[in-house]
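In what follows, a single structure is set out as structure tokens and then discussed.
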Number of protein chains: 2
Amino acid sequence: MNPDFAHLTQYAKSFASLTPEDEILLKEMADRMLPHLQAVTDDFYGQLTAIPETQVFLEGRVEILKQTHVGWVKSLFTADLDEQFTEQQYKVGLVHVKVELPTEFMSGGMTLINSRLIQLVFELYGDEPEYTEKALKAINAVTGFSLLIMQQSYQEASLLEELERFLKITGMSRVLFDNLAAAYKTD
Amino acid sequence: MNPDFAHLTQYAKSFASLTPEDEILLKEMADRMLPHLQAVTDDFYGQLTAIPETQVFLEGRVEILKQTHVGWVKSLFTADLDEQFTEQQYKVGLVHVKVELPTEFMSGGMTLINSRLIQLVFELYGDEPEYTEKALKAINAVTGFSLLIMQQSYQEASLLEELERFLKITGMSRVLFDNLAAAYKTD
């Protein structure tokens with residue numbers, strides 16, 4: 001069951017303090033940022049491959065993962081951050097559960113990307129401290145916005161997977177379980 | 001069962017790209033940062049109270065929560081980021097499950113805190129761009145480090161809670177479930 005994406009968009013924006021001014025600024029930065037985002041993605045996967053725990057998720061798939069990834073990084077500066085965007089981020093969380101990616105890969109990955117984007121912003125805008133500050137706040141907000149939505153769907157999907165695992169192991173039907181759960185609640 | 005905290009420390013540091021140089025820098029910044037961290041915490045709770053979904057977790061508890069929170073923010077600049085620190089962050093994740101805090105409160109909260117710390121770093125170090133860049137990377141790394149550990153324990157604890165909920169609902173004993181799970185695995 002899909003959540004109310006309009007509400008989730010609003011909620012995630014307030015929790016990431018992503019303001020309308022940030023959204024305008026991100027699009028304004030797109031022209032200068034975009035030519036460097038492939039390098040951000042390349043460096044990100046370079047750092048990931050240095051972490052032993054990521055190997056099993058990367059082997060033989062790095063090139064295809066990079067393509068999806070750079071599209072996502074670009075979208076932070078080009079997409080309208082609306083319900084459709086929220087729905088896409090939500091789906092990314094679901095995919096991460098499906099491929100059994102550990103939950104900490106999302107926040108860890110976002111930390112690495114933010115670190116690289118901090119460096120890039122100083123390279124491009126370092127001689128304008130006021131602009132640099134605004135740009136870094138907008139980037140922190142949009143990555144936090146995306147992460148929050150992904151993690152919410154990840155959490156929901158992983159609890160549902162746990163229920164399915166339980167039903168398989170016990171041989172219990174979903175109908176029987178739902179009836180027991182309803183009876184338990186009214187006890 | 002506790003994880004191997006030495007290994008988790010190493011793993012989380014590599015995923016947050018928290019370097020020995022960052023750790024030295026954070027402690028170096030402590031003197032100038034510490035007098036402003038109560039304001040960071042106050043602003044953080046100010047922003048939280050503006051989000052309707054947080055009300056139920058805050059009502060009547062803001063002052064006591066602020067005390068714990070400011071202690072944690074200070075620790076980012078004063079603590080040795082070692083196994084003991086990792087164990088503490090791990091426990092914070094467990095507490096968040098116990099009080100039924102939604103998973104997105106952790107990443108959302110960290111985004112708000114990072115945003116406020118970006119502002120503070122520019123206020124204090126804005127006239128030294130090179131130092132500002134290093135400081136922001138170190139702060140991004142240490143908040144990411146802390147978040148990754150919290151989220152790993154949160155995820156483990158929430159799956160365990162889900163299992164306990166199944167067992168209560170179905171009236172099944174843990175021993176019987178574990179035996180069925182072992183048999184299922186060898187099928």
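Letters A, B, ... go to the chains of the structure tokens in the order shown; residues in each chain start at 1; ligands are counted from 1 in the same order.
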Practice prompt. Could the residues of chain A within 6 Å of chain B, counting only C-alpha atoms, be given as a PyMOL selection string, please?
Written response: chain A and resi 15-16+104+108+111-112+115+137+144+148+152+169+181+184
Worksheet item: Within 10 Å of A:Ala30, counting only C-alpha atoms, which residues qualify if same-chain residues fewer than 6 places away don't, as JSON, numbers by chain?
Response: {"A": [37, 74, 75, 76, 77, 78]}
Discussion item. So that I can see what lies close to stretch 85-91 of chain A, please list as a ChimeraX atom specification the residues with an atom at most 7 Å from it, counting only C-alpha atoms and leaving out residues fewer than 2 positions away in the same chain.
Written reply: /A:5,9,80-83,93-95,146,149-150,153
Mind writing the picked residues with C-alpha atoms as a short mmCIF file (atom, residue, chain, number, x, y, z; two decimals), in the first residue's frame?
data_model
loop_
_atom_site.label_atom_id
_atom_site.label_comp_id
_atom_site.auth_asym_id
_atom_site.auth_seq_id
_atom_site.Cartn_x
_atom_site.Cartn_y
_atom_site.Cartn_z
CA PHE A 5 3.00 11.10 -1.17
CA THR A 9 6.74 15.29 0.71
CA ASP A 80 11.09 19.40 -9.12
CA LEU A 81 11.07 18.17 -5.52
CA ASP A 82 7.40 17.24 -5.62
CA GLU A 83 5.20 14.19 -5.09
CA GLY A 93 14.08 2.37 -0.44
CA LEU A 94 11.96 -0.61 -1.54
CA VAL A 95 14.61 -1.70 -4.07
CA SER A 146 15.89 12.04 -0.12
CA ILE A 149 11.98 9.12 2.34
CA MET A 150 14.17 6.15 1.37
CA SER A 153 10.06 2.95 2.84
#
Item to complete: Could you tell me how far atom CA of B:Ala6 lies from atom CA of B:Gln67, in Å and to one decimal?
Response: 28.2 Å
